[in-house]
$ cat entry-v5.txt   # compact mmCIF, C-alpha atoms
# COMPACT_ATOMS: atom_id res chain seq x y z
CA MET R 275 162.68 96.99 264.60
CA ASN R 276 160.38 99.68 265.95
CA GLU R 277 156.75 99.90 265.00
CA ALA R 278 157.20 102.52 262.28
CA ASN R 279 159.47 100.19 260.32
CA VAL R 280 157.11 97.23 260.28
CA PHE R 281 156.08 96.44 256.74
CA GLN R 282 152.54 97.64 256.12
CA PRO R 283 151.18 96.07 252.94
CA LYS R 284 149.09 98.05 250.53
CA ILE R 285 146.00 96.05 249.64
CA ILE R 286 143.59 97.12 246.92
CA ALA R 287 140.06 95.76 247.16
CA TYR R 288 137.85 95.96 244.10
CA VAL R 289 134.36 95.44 245.41
CA CYS R 290 130.91 95.41 243.93
CA ASN R 291 128.50 98.15 244.82
CA TRP R 292 125.67 95.90 245.91
CA CYS R 293 127.13 93.29 248.22
CA THR R 294 130.72 93.58 249.35
CA TYR R 295 130.70 97.37 249.54
CA LEU R 296 127.66 97.23 251.79
CA GLY R 297 129.28 94.38 253.73
CA ALA R 298 132.27 96.63 254.38
CA ASP R 299 129.90 99.42 255.30
CA LEU R 300 128.19 97.14 257.77
CA ALA R 301 131.54 96.26 259.29
CA GLY R 302 132.02 99.98 259.79
CA THR R 303 128.64 100.67 261.37
CA ASN R 304 129.09 97.64 263.61
CA ARG R 305 132.43 99.08 264.74
CA LEU R 306 134.26 95.92 263.69
CA GLU R 307 137.97 96.58 263.62
CA TYR R 308 140.07 95.44 260.73
CA PRO R 309 143.49 96.47 259.43
CA ALA R 310 143.69 99.85 257.74
CA ASN R 311 145.87 98.42 254.95
CA VAL R 312 142.99 97.97 252.57
CA ARG R 313 141.96 100.58 250.01
CA ILE R 314 138.46 99.99 248.79
CA ILE R 315 137.52 100.76 245.19
CA ARG R 316 133.85 100.43 244.42
CA LEU R 317 132.64 99.21 241.05
CA PRO R 318 129.14 98.44 239.81
CA CYS R 319 129.61 94.67 239.68
CA THR R 320 132.32 92.03 239.75
CA GLY R 321 131.44 91.49 236.11
CA ARG R 322 132.77 95.00 235.51
CA ILE R 323 136.15 94.30 237.05
CA ASP R 324 138.52 94.46 234.19
CA PHE R 325 141.79 92.64 234.65
CA ASN R 326 143.68 95.71 233.63
CA LEU R 327 142.62 97.07 236.99
CA ILE R 328 144.43 94.27 238.78
CA VAL R 329 147.51 94.82 236.66
CA LYS R 330 147.26 98.55 237.28
CA ALA R 331 147.09 98.01 241.03
CA PHE R 332 150.35 96.06 240.91
CA GLU R 333 151.90 98.68 238.66
CA ARG R 334 151.05 101.35 241.21
CA GLY R 335 152.59 99.42 244.07
CA ALA R 336 149.91 97.16 245.52
CA ASP R 337 151.15 94.20 247.53
CA ALA R 338 147.90 92.28 247.20
CA VAL R 339 144.60 92.65 245.41
CA LEU R 340 141.19 91.47 246.53
CA VAL R 341 138.27 91.13 244.17
CA SER R 342 134.98 90.61 245.91
CA GLY R 343 131.30 90.60 245.05
CA CYS R 344 127.92 89.00 245.60
CA HIS R 345 127.48 85.32 246.28
CA PRO R 346 126.42 83.22 243.29
CA GLY R 347 122.72 83.73 242.73
CA ASP R 348 122.69 87.11 244.49
CA CYS R 349 124.00 89.32 241.69
CA HIS R 350 122.09 92.58 241.32
CA TYR R 351 122.45 92.15 237.56
CA THR R 352 121.44 88.48 237.72
CA ALA R 353 124.63 86.91 236.34
CA GLY R 354 127.53 89.38 236.53
CA ASN R 355 129.30 87.34 239.16
CA TYR R 356 128.91 84.09 237.20
CA HIS R 357 130.58 85.69 234.20
CA ALA R 358 133.27 87.10 236.46
CA ARG R 359 133.94 83.72 238.06
CA ARG R 360 134.51 82.16 234.66
CA ARG R 361 136.99 84.86 233.72
CA TRP R 362 138.82 84.51 237.03
CA ILE R 363 139.41 80.83 236.33
CA LEU R 364 141.11 81.71 233.05
CA PHE R 365 142.89 84.73 234.46
CA ARG R 366 144.52 82.69 237.18
CA GLN R 367 146.10 80.50 234.50
CA LEU R 368 147.47 83.58 232.77
CA LEU R 369 148.97 84.81 236.04
CA GLU R 370 150.61 81.45 236.51
CA THR R 371 152.10 81.47 233.03
CA LEU R 372 153.49 84.97 233.52
CA GLY R 373 154.94 84.04 236.88
CA ILE R 374 152.88 86.65 238.72
CA ASP R 375 152.35 85.51 242.29
CA ALA R 376 148.80 84.12 242.41
CA ASN R 377 148.97 84.22 246.23
CA ARG R 378 148.60 87.97 245.96
CA VAL R 379 145.33 87.96 244.09
CA HIS R 380 142.37 87.03 246.25
CA PHE R 381 138.76 86.43 245.36
CA SER R 382 135.79 86.27 247.69
CA TRP R 383 132.03 86.46 247.88
CA ILE R 384 130.88 88.75 250.69
CA SER R 385 127.24 89.72 251.00
CA ALA R 386 125.79 92.94 252.40
CA ALA R 387 125.04 91.10 255.64
CA GLU R 388 128.54 89.70 256.08
CA GLY R 389 130.33 92.54 257.81
CA LYS R 390 131.96 89.93 259.99
CA LYS R 391 133.27 88.02 257.00
CA TRP R 392 134.71 91.22 255.53
CA GLN R 393 136.59 91.79 258.77
CA GLN R 394 137.93 88.23 258.71
CA VAL R 395 138.92 88.28 255.05
CA ILE R 396 140.76 91.59 255.31
CA THR R 397 142.53 90.53 258.49
CA GLU R 398 143.60 87.28 256.92
CA ILE R 399 144.81 88.84 253.67
CA THR R 400 146.75 91.45 255.59
CA GLU R 401 148.44 88.83 257.75
CA LYS R 402 149.21 86.68 254.75
CA THR R 403 150.64 89.59 252.77
CA LYS R 404 152.72 90.68 255.74
CA ALA R 405 154.20 87.19 255.84
CA LEU R 406 154.90 87.25 252.10
CA GLY R 407 156.58 90.65 252.31
CA PRO R 408 156.41 93.47 249.76
CA TYR R 409 155.61 92.48 246.19
CA THR R 410 158.70 93.76 244.49
CA ALA R 411 158.68 91.59 241.35
CA TYR R 412 156.06 93.68 239.57
CA ARG R 413 157.21 96.97 241.00
CA GLU R 414 160.69 96.41 239.61
CA ILE R 415 159.24 96.12 236.14
CA CYS R 416 157.68 99.52 236.53
CA GLN R 417 160.80 101.10 237.96
CA GLU R 418 162.92 99.93 235.07
CA CYS R 419 160.83 102.04 232.72
CA MET X 171 145.73 70.44 193.55
CA LEU X 172 146.64 73.97 192.45
CA ASP X 173 144.89 73.45 189.09
CA GLU X 174 141.81 72.23 190.87
CA LEU X 175 141.89 75.30 193.12
CA ARG X 176 142.25 77.68 190.18
CA GLN X 177 139.49 75.98 188.23
CA THR X 178 137.15 76.09 191.18
CA CYS X 179 137.78 79.79 191.67
CA ARG X 180 137.45 80.50 187.93
CA ARG X 181 134.11 78.73 187.86
CA LEU X 182 132.83 80.60 190.93
CA LEU X 183 133.78 83.94 189.41
CA GLN X 184 132.48 83.12 185.92
CA ASP X 185 129.14 81.91 187.27
CA GLY X 186 128.83 85.06 189.31
CA ALA X 187 128.43 82.98 192.46
CA VAL X 188 131.00 85.27 194.05
CA GLN X 189 132.46 88.64 193.12
CA ALA X 190 135.86 88.10 194.70
CA VAL X 191 138.08 85.30 195.95
CA ILE X 192 140.44 85.80 198.87
CA GLY X 193 143.40 83.49 198.37
CA TYR X 194 147.16 83.18 198.43
CA GLY X 195 149.42 84.74 195.81
CA ARG X 196 153.13 85.16 195.34
CA ALA X 197 154.82 88.56 195.38
CA SER X 198 158.36 87.22 195.07
CA PRO X 199 159.62 83.65 194.64
CA ASP X 200 161.54 83.51 197.90
CA ASP X 201 158.94 84.97 200.21
CA PRO X 202 155.91 83.49 201.92
CA ALA X 203 152.62 83.77 200.07
CA VAL X 204 150.76 87.07 200.28
CA PRO X 205 146.99 87.54 200.33
CA VAL X 206 145.43 88.25 196.94
CA PHE X 207 141.94 89.41 196.15
CA ILE X 208 140.84 88.10 192.77
CA SER X 209 137.79 89.59 191.14
CA LYS X 210 138.28 88.60 187.47
CA PRO X 211 138.19 84.99 186.20
CA GLU X 212 141.31 85.59 184.08
CA ASP X 213 143.31 86.49 187.18
CA VAL X 214 142.91 83.16 188.96
CA ASP X 215 146.36 82.07 187.77
CA GLN X 216 147.75 84.41 190.41
CA LEU X 217 146.55 81.95 193.05
CA VAL X 218 149.14 79.69 194.59
CA TRP X 219 149.10 76.87 197.10
CA ASP X 220 152.17 75.44 198.78
CA ASP X 221 153.70 75.04 202.21
CA ARG X 222 154.50 78.73 202.42
CA CYS X 223 150.85 79.77 202.57
CA PHE X 224 150.93 80.81 206.24
CA ALA X 225 148.45 83.66 206.49
CA ASN X 226 145.09 83.20 208.13
CA LEU X 227 142.95 84.96 205.52
CA THR X 228 139.83 85.06 207.68
CA LYS X 229 141.24 88.28 209.11
CA TYR X 230 140.16 90.06 205.93
CA LEU X 231 136.51 89.17 206.41
CA SER X 232 136.20 91.93 208.96
CA ARG X 233 137.77 94.59 206.73
CA LYS X 234 135.41 97.15 205.24
CA GLU X 235 137.33 97.50 201.98
CA VAL X 236 137.26 93.75 201.46
CA LEU X 237 133.56 93.45 202.21
CA SER X 238 132.90 96.18 199.64
CA LEU X 239 134.19 93.82 196.92
CA GLY X 240 130.84 92.01 197.01
CA LYS X 241 130.06 88.40 197.68
CA LEU X 242 133.20 86.59 198.78
CA ALA X 243 134.86 83.22 198.53
CA ILE X 244 137.74 82.55 200.89
CA CYS X 245 140.49 79.94 200.93
CA VAL X 246 141.07 78.41 204.34
CA LYS X 247 143.23 75.68 205.79
CA GLY X 248 141.78 73.42 208.46
CA CYS X 249 143.23 75.57 211.22
CA ASP X 250 142.01 78.85 209.71
CA GLU X 251 138.56 77.40 209.34
CA ARG X 252 138.26 77.30 213.12
CA ALA X 253 138.51 81.09 213.12
CA LEU X 254 135.55 81.24 210.75
CA LEU X 255 133.41 79.31 213.18
CA VAL X 256 134.34 81.62 216.06
CA LEU X 257 133.60 84.69 213.95
CA GLU X 258 130.27 83.19 212.99
CA LYS X 259 129.43 82.41 216.61
CA GLU X 260 130.30 85.98 217.57
CA SER X 261 128.04 87.32 214.80
CA GLN X 262 130.90 88.92 212.94
CA ILE X 263 130.25 87.20 209.63
CA ASP X 264 127.23 85.87 207.84
CA ARG X 265 128.40 82.40 206.95
CA SER X 266 125.60 81.88 204.42
CA GLN X 267 126.96 84.78 202.36
CA ILE X 268 130.50 83.40 202.16
CA THR X 269 131.72 80.55 199.98
CA VAL X 270 134.39 78.70 201.89
CA ILE X 271 137.03 76.88 199.86
CA GLY X 272 138.78 74.43 202.14
CA LEU X 273 142.39 73.55 201.35
CA ALA X 274 143.64 70.14 202.39
CA CYS X 275 146.87 70.80 204.27
CA ASP X 276 149.65 68.62 205.60
CA GLY X 277 151.29 71.49 207.44
CA VAL X 278 153.12 74.62 206.40
CA GLY X 279 156.68 75.87 206.79
CA GLN X 280 160.09 74.29 206.41
CA PRO X 281 160.54 72.96 209.03
CA ARG X 282 156.89 72.61 209.95
CA LEU X 283 155.43 75.25 212.26
CA ALA X 284 154.88 74.27 215.87
CA LYS X 285 151.11 74.38 215.42
CA CYS X 286 151.32 71.91 212.51
CA GLU X 287 153.15 69.33 214.62
CA SER X 288 150.08 68.79 216.78
CA CYS X 289 147.46 69.63 214.13
CA ASP X 290 144.39 67.41 214.03
CA VAL X 291 142.44 69.25 211.31
CA HIS X 292 144.32 68.51 208.08
CA MET X 293 141.04 68.49 206.21
CA PRO X 294 138.64 71.42 206.58
CA ARG X 295 135.42 70.07 208.01
CA ARG X 296 132.78 72.65 207.24
CA ALA X 297 133.94 74.13 203.94
CA ASP X 298 131.54 74.43 201.01
CA ILE X 299 134.15 73.11 198.60
CA VAL X 300 137.20 71.09 199.63
CA VAL X 301 140.21 71.09 197.33
CA GLY X 302 142.84 68.35 197.50
CA LYS X 303 143.45 65.44 199.81
CA ALA X 304 145.53 65.46 202.96
CA THR X 305 147.08 62.72 205.02
CA VAL X 306 145.08 61.56 208.00
CA PRO X 307 146.60 63.01 211.17
CA ASP X 308 148.05 60.55 213.67
CA ALA X 309 145.54 59.53 216.28
CA ASP X 310 147.72 61.04 219.00
CA ALA X 311 148.63 64.20 217.08
CA GLY X 312 146.36 66.37 219.19
CA ALA X 313 147.63 64.96 222.47
CA LYS X 314 150.85 66.95 222.18
CA ARG X 315 149.21 70.30 221.63
CA TYR X 316 149.92 71.68 225.09
CA ALA X 317 153.36 70.07 225.41
CA GLU X 318 155.23 73.38 225.10
CA ILE X 319 153.23 75.17 227.75
CA GLU X 320 153.34 72.19 230.08
CA GLU X 321 157.10 72.16 229.75
CA PHE X 322 157.22 75.92 230.40
CA LEU X 323 155.05 75.65 233.50
CA LYS X 324 157.55 73.27 235.06
CA ARG X 325 159.90 76.23 235.52
CA THR X 326 159.72 78.24 238.75
CA PRO X 327 157.49 81.35 238.85
CA GLN X 328 160.58 83.57 239.19
CA ASP X 329 162.04 81.92 236.15
CA ARG X 330 158.86 82.40 234.17
CA MET X 331 158.65 86.05 235.13
CA ALA X 332 162.29 86.52 234.16
CA TYR X 333 161.57 84.88 230.80
CA TRP X 334 158.70 87.26 230.02
CA LYS X 335 160.65 90.27 231.21
CA LYS X 336 163.43 89.37 228.83
CA GLU X 337 161.11 88.60 225.92
CA LEU X 338 158.68 91.48 226.32
CA SER X 339 161.44 94.04 226.74
CA ARG X 340 161.95 93.63 222.98
CA CYS X 341 158.33 94.49 222.13
CA VAL X 342 158.11 97.77 220.22
CA LYS X 343 154.32 98.10 220.49
CA CYS X 344 153.80 97.90 216.76
CA TYR X 345 150.55 96.03 217.43
CA ALA X 346 151.22 93.68 214.52
CA CYS X 347 149.96 90.87 216.77
CA ARG X 348 146.64 92.66 217.00
CA GLN X 349 146.43 93.69 213.36
CA VAL X 350 146.99 90.16 212.10
CA CYS X 351 144.65 88.43 214.54
CA PRO X 352 141.30 87.35 213.09
CA MET X 353 139.73 87.63 216.55
CA CYS X 354 140.89 91.23 217.12
CA TYR X 355 138.08 92.92 215.26
CA CYS X 356 137.13 95.66 217.73
CA ARG X 357 136.49 98.93 215.93
CA GLN X 358 138.36 100.67 218.68
CA CYS X 359 140.94 98.70 220.59
CA ILE X 360 141.29 99.36 224.30
CA VAL X 361 144.87 100.55 223.78
CA ASP X 362 143.65 103.22 221.37
CA LYS X 363 141.29 104.65 223.94
CA ASN X 364 143.01 107.50 225.70
CA ARG X 365 140.37 108.86 228.04
CA PRO X 366 141.43 107.46 230.42
CA VAL X 367 144.58 105.61 229.40
CA SER X 368 144.12 102.17 230.89
CA ILE X 369 147.22 100.60 229.38
CA SER X 370 150.44 102.55 229.16
CA THR X 371 151.06 103.10 225.46
CA SER X 372 154.81 103.50 225.75
CA ALA X 373 156.96 100.62 224.60
CA THR X 374 158.44 100.07 228.03
CA LEU X 375 158.40 96.81 229.89
CA LYS X 376 155.53 98.00 232.06
CA GLY X 377 153.38 98.95 229.09
CA ASN X 378 154.39 95.89 227.11
CA LEU X 379 153.47 93.49 229.86
CA ALA X 380 150.12 95.21 230.43
CA TRP X 381 149.43 95.10 226.70
CA GLN X 382 150.28 91.43 226.31
CA ILE X 383 148.21 90.49 229.36
CA THR X 384 145.30 92.35 227.84
CA ARG X 385 145.76 90.93 224.38
CA ALA X 386 146.11 87.36 225.60
CA PHE X 387 143.19 87.70 227.96
CA HIS X 388 140.87 89.23 225.40
CA LEU X 389 141.57 86.12 223.35
CA ALA X 390 140.93 83.71 226.19
CA GLY X 391 138.56 81.00 225.05
CA ARG X 392 138.51 82.57 221.58
CA CYS X 393 142.02 82.10 220.18
CA VAL X 394 142.07 79.31 217.62
CA GLY X 395 145.84 78.96 217.72
CA CYS X 396 146.62 80.03 214.16
CA ASP X 397 149.84 81.56 215.56
CA GLU X 398 149.69 84.49 213.16
CA CYS X 399 150.62 86.83 216.04
CA THR X 400 153.82 84.92 216.63
CA ARG X 401 154.63 84.92 212.93
CA ALA X 402 153.91 88.63 212.55
CA CYS X 403 155.93 89.69 215.59
CA PRO X 404 159.02 91.57 214.33
CA ALA X 405 160.73 91.03 217.69
CA GLY X 406 160.25 87.28 217.54
CA ILE X 407 158.37 87.03 220.82
CA ASP X 408 156.79 83.63 221.38
CA LEU X 409 153.22 84.83 221.88
CA ARG X 410 152.08 81.31 221.10
CA LEU X 411 153.03 80.34 224.62
CA LEU X 412 150.64 82.84 226.19
CA ASN X 413 147.79 81.83 223.91
CA LEU X 414 148.44 78.17 224.55
CA SER X 415 148.24 78.62 228.29
CA LEU X 416 144.75 80.10 227.99
CA ALA X 417 143.68 77.50 225.45
CA LYS X 418 144.81 74.85 227.88
CA ALA X 419 142.85 76.47 230.72
CA ALA X 420 139.75 76.66 228.51
CA GLU X 421 139.96 73.01 227.60
CA GLU X 422 140.79 71.77 231.09
CA ASN X 423 138.15 73.79 232.89
CA PHE X 424 135.36 73.94 230.37
CA GLY X 425 136.14 71.20 227.86
CA TYR X 426 136.06 73.80 225.12
CA ARG X 427 138.26 74.31 222.08
CA PRO X 428 137.34 77.42 220.09
CA GLY X 429 136.16 76.77 216.56
CA MET X 430 136.00 72.99 216.87
CA ASP X 431 132.40 72.16 217.68
CA PRO X 432 129.63 74.17 215.98
CA ASP X 433 127.19 73.19 218.72
CA ALA X 434 129.37 74.20 221.66
CA GLU X 435 128.54 77.44 223.41
CA PRO X 436 131.49 79.89 223.45
CA ILE X 437 132.76 79.97 227.03
CA ILE X 438 133.17 83.72 227.23
CA GLY X 439 129.75 85.31 227.16
CA ALA X 440 128.17 82.26 228.73
CA TYR X 441 128.44 80.78 232.20
CA SER X 442 127.48 77.75 234.19
CA GLN X 443 126.35 77.60 237.78
CA GLN X 444 128.59 74.56 238.10
CA ASP X 445 131.85 76.41 237.36
CA HIS X 446 134.36 75.47 240.03
CA GLU X 447 135.19 78.06 242.68
CA GLU X 448 137.48 76.38 245.18
CA PHE X 449 139.81 79.40 244.89
CA ILE X 450 137.10 81.85 246.00
CA ARG X 451 136.59 82.46 249.70

$ encode --input "entry-v5.txt" --output "structure tokens"
Amino acid sequence: MNEANVFQPKIIAYVCNWCTYLGADLAGTNRLEYPANVRIIRLPCTGRIDFNLIVKAFERGADAVLVSGCHPGDCHYTAGNYHARRRWILFRQLLETLGIDANRVHFSWISAAEGKKWQQVITEITEKTKALGPYTAYREICQEC
Amino acid sequence: MLDELRQTCRRLLQDGAVQAVIGYGRASPDDPAVPVFISKPEDVDQLVWDDRCFANLTKYLSRKEVLSLGKLAICVKGCDERALLVLEKESQIDRSQITVIGLACDGVGQPRLAKCESCDVHMPRRADIVVGKATVPDADAGAKRYAEIEEFLKRTPQDRMAYWKKELSRCVKCYACRQVCPMCYCRQCIVDKNRPVSISTSATLKGNLAWQITRAFHLAGRCVGCDECTRACPAGIDLRLLNLSLAKAAEENFGYRPGMDPDAEPIIGAYSQQDHEEFIR
């Protein structure tokens, strides 16, 4: 298999404006290299991240989704990430019931100072998704329509 | 018990304590009971009570045309009463303005509905007036309440996905599940918002799955398990299973059952710094 045929996963990262987005920015200004498979979508807060967005990402062909925001206690809006965390706990159960691969939905806390962690997380998710292969189960649903 | 119910309602209407009673009536002898709205004392004989009184009448408390009837009394079974508590907690009703007539219930449907098999609230607990006497539920009745979902979760993820694909392909997006749900009281539902369209409105598998994920998730930690969505579904989709899975998650993770404990904080809209996060990097 030549290089052009290697599976390149599409990863959607929903990040909060105040921590993870700046963390990713820091990774950039520090010239830290990480895989170009990630597409960053900036939102005001993890508390704003509606689960329809995750579903939508899969509908549009994402192979993995990352949701990332401020560490607990660091939220710009005081408690947005605490509310988000609670919803993630419930959402993961719903994914399990529906048989949607929970290994493709990642959550992390990355602060504005953690450019290095952003690099590590993205590298890891990319490697993991490459090993899992393309996420066809959800895409098939959308193609049947 | 029916006489007692009718007399109670007659007295409430005659005394002027309420202007209307929301209860069960019968449109045709073979069909399940329909909701009736009684505003005259002489009409109370329209009220019925039997094991075909399925509807969760609390839904009507959020309807403008019903509220315009004046001060209300409402008939609730033990399970429906849980919805009242959630609505009260979410500031959707003013409980002090509503007279709640609790109906003792040993289960509805022939055979009994799935929710009745594991019911542990035969007697309404917070009603203003309780009519009738019900059997005491078995001590272990509640223990079986997640049996169906636990059984379902034993299947492989591929199998589960295949199940939902098969089931949800029948959905025609009639939104009966939403219309009948006492917790779906949004003035404008997210699926009715079209700028931008966040959930495909077409009745295709893609749109159906997105809709059911949304519906189930908006009810997470709020659904009281009245199973009206499942009963209303013209395609016979077992929506109960989805709701159960979230109810199970709410109880396992937060020790919370919606509508059970008046002192418990609703889990959505609150948070704890101690929530577990082993799945977050």

$ interface_residues --input "entry-v5.txt" --of "chain X" --to "chain R" --cutoff "9 Å" --atoms "only C-alpha atoms" --output "VMD selection string"
chain X and resid 319 322 to 323 326 to 335 368 to 369 374 to 377 379 to 380 383 to 384 386 to 387 390 to 391 411 to 412 415 to 416 418 to 420 423 437 to 443 445 to 447 449 to 451

$ residues_near_point --input "entry-v5.txt" --point "(127.7, 92.7, 239.0)" --cutoff "7 Å" --atoms "all atoms listed in the file" --output "list of chain:residue names"
R:Cys290, R:Pro318, R:Cys319, R:Thr320, R:Gly321, R:Arg322, R:Cys349, R:His350, R:Tyr351, R:Gly354, R:Asn355

$ residues_around --input "entry-v5.txt" --residues "Asp337 (chain R)" --least-positions-apart "2" --cutoff "10 Å" --atoms "all atoms listed in the file" --output "list in words"
Gln282, Pro283, Lys284, Ile285, Ile286, Ala331, Phe332, Glu333, Arg334, Gly335, Val339, Arg378, Val379, Thr400, Thr403, Lys404, Leu406, Gly407, Pro408, Tyr409, Thr410, Tyr412 and Arg413 of chain R

$ residues_around --input "entry-v5.txt" --residues "Pro432 (chain X)" --least-positions-apart "2" --cutoff "12 Å" --atoms "all atoms listed in the file" --output "list of chain:residue names"
X:Glu251, X:Arg252, X:Ala253, X:Leu254, X:Leu255, X:Val256, X:Leu257, X:Glu258, X:Lys259, X:Glu260, X:Arg295, X:Arg296, X:Tyr426, X:Arg427, X:Pro428, X:Gly429, X:Met430, X:Ala434, X:Glu435, X:Pro436

$ atom_distance --input "entry-v5.txt" --atom1 "CA of Val291 (chain X)" --atom2 "CA of Arg181 (chain X)"
26.6 Å

$ residues_around --input "entry-v5.txt" --residues "Ile208 (chain X)" --least-positions-apart "3" --cutoff "7 Å" --atoms "all atoms listed in the file" --output "list in words"
Ala190, Val191, Ile192, Asp213 and Val214 of chain X

$ write_last_selection --input "entry-v5.txt" --atoms "C-alpha atoms" --output "PDB file, in the coordinates of the input"
ATOM      1  CA  ALA X 190     135.860  88.100 194.700  1.00  0.00           C
ATOM      2  CA  VAL X 191     138.080  85.300 195.950  1.00  0.00           C
ATOM      3  CA  ILE X 192     140.440  85.800 198.870  1.00  0.00           C
ATOM      4  CA  ASP X 213     143.310  86.490 187.180  1.00  0.00           C
ATOM      5  CA  VAL X 214     142.910  83.160 188.960  1.00  0.00           C
TER       6      VAL X 214
END

$ atom_distance --input "entry-v5.txt" --atom1 "CA of His292 (chain X)" --atom2 "CA of Leu217 (chain X)"
20.3 Å

$ closest_residue --input "entry-v5.txt" --among "R:Ile399, R:Ala387, R:Cys293, R:Ala405" --to "Gly343 (chain R)" --atoms "only C-alpha atoms"
R:Cys293

$ closest_residue --input "entry-v5.txt" --among "R:Cys344, R:Ile315, R:Ala386, R:Ala336" --to "Tyr288 (chain R)" --atoms "all atoms listed in the file"
R:Ile315

$ residues_around --input "entry-v5.txt" --residues "Arg222 (chain X)" --least-positions-apart "6" --cutoff "6 Å" --atoms "only C-alpha atoms" --output "ChimeraX atom specification"
/X:202-203,278-279

$ atom_distance --input "entry-v5.txt" --atom1 "CA of Lys402 (chain R)" --atom2 "CA of Ile323 (chain R)"
23.3 Å

$ closest_residue --input "entry-v5.txt" --among "X:Gln216, X:Gln349, X:Thr269, X:Ser288" --to "Lys229 (chain X)" --atoms "only C-alpha atoms"
X:Gln349

$ residues_around --input "entry-v5.txt" --residues "Gln394 (chain R)" --least-positions-apart "6" --cutoff "10 Å" --atoms "only C-alpha atoms" --output "NGL selection string"
:R and (306-309 or 388 or 400)

$ axis_aligned_box --input "entry-v5.txt" --around "region 443-451 of chain X" --padding-each-side "4 Å" --output "AutoDock Vina command-line options"
--center_x 133.1 --center_y 78.5 --center_z 243.5 --size_x 21.5 --size_y 15.9 --size_z 20.3
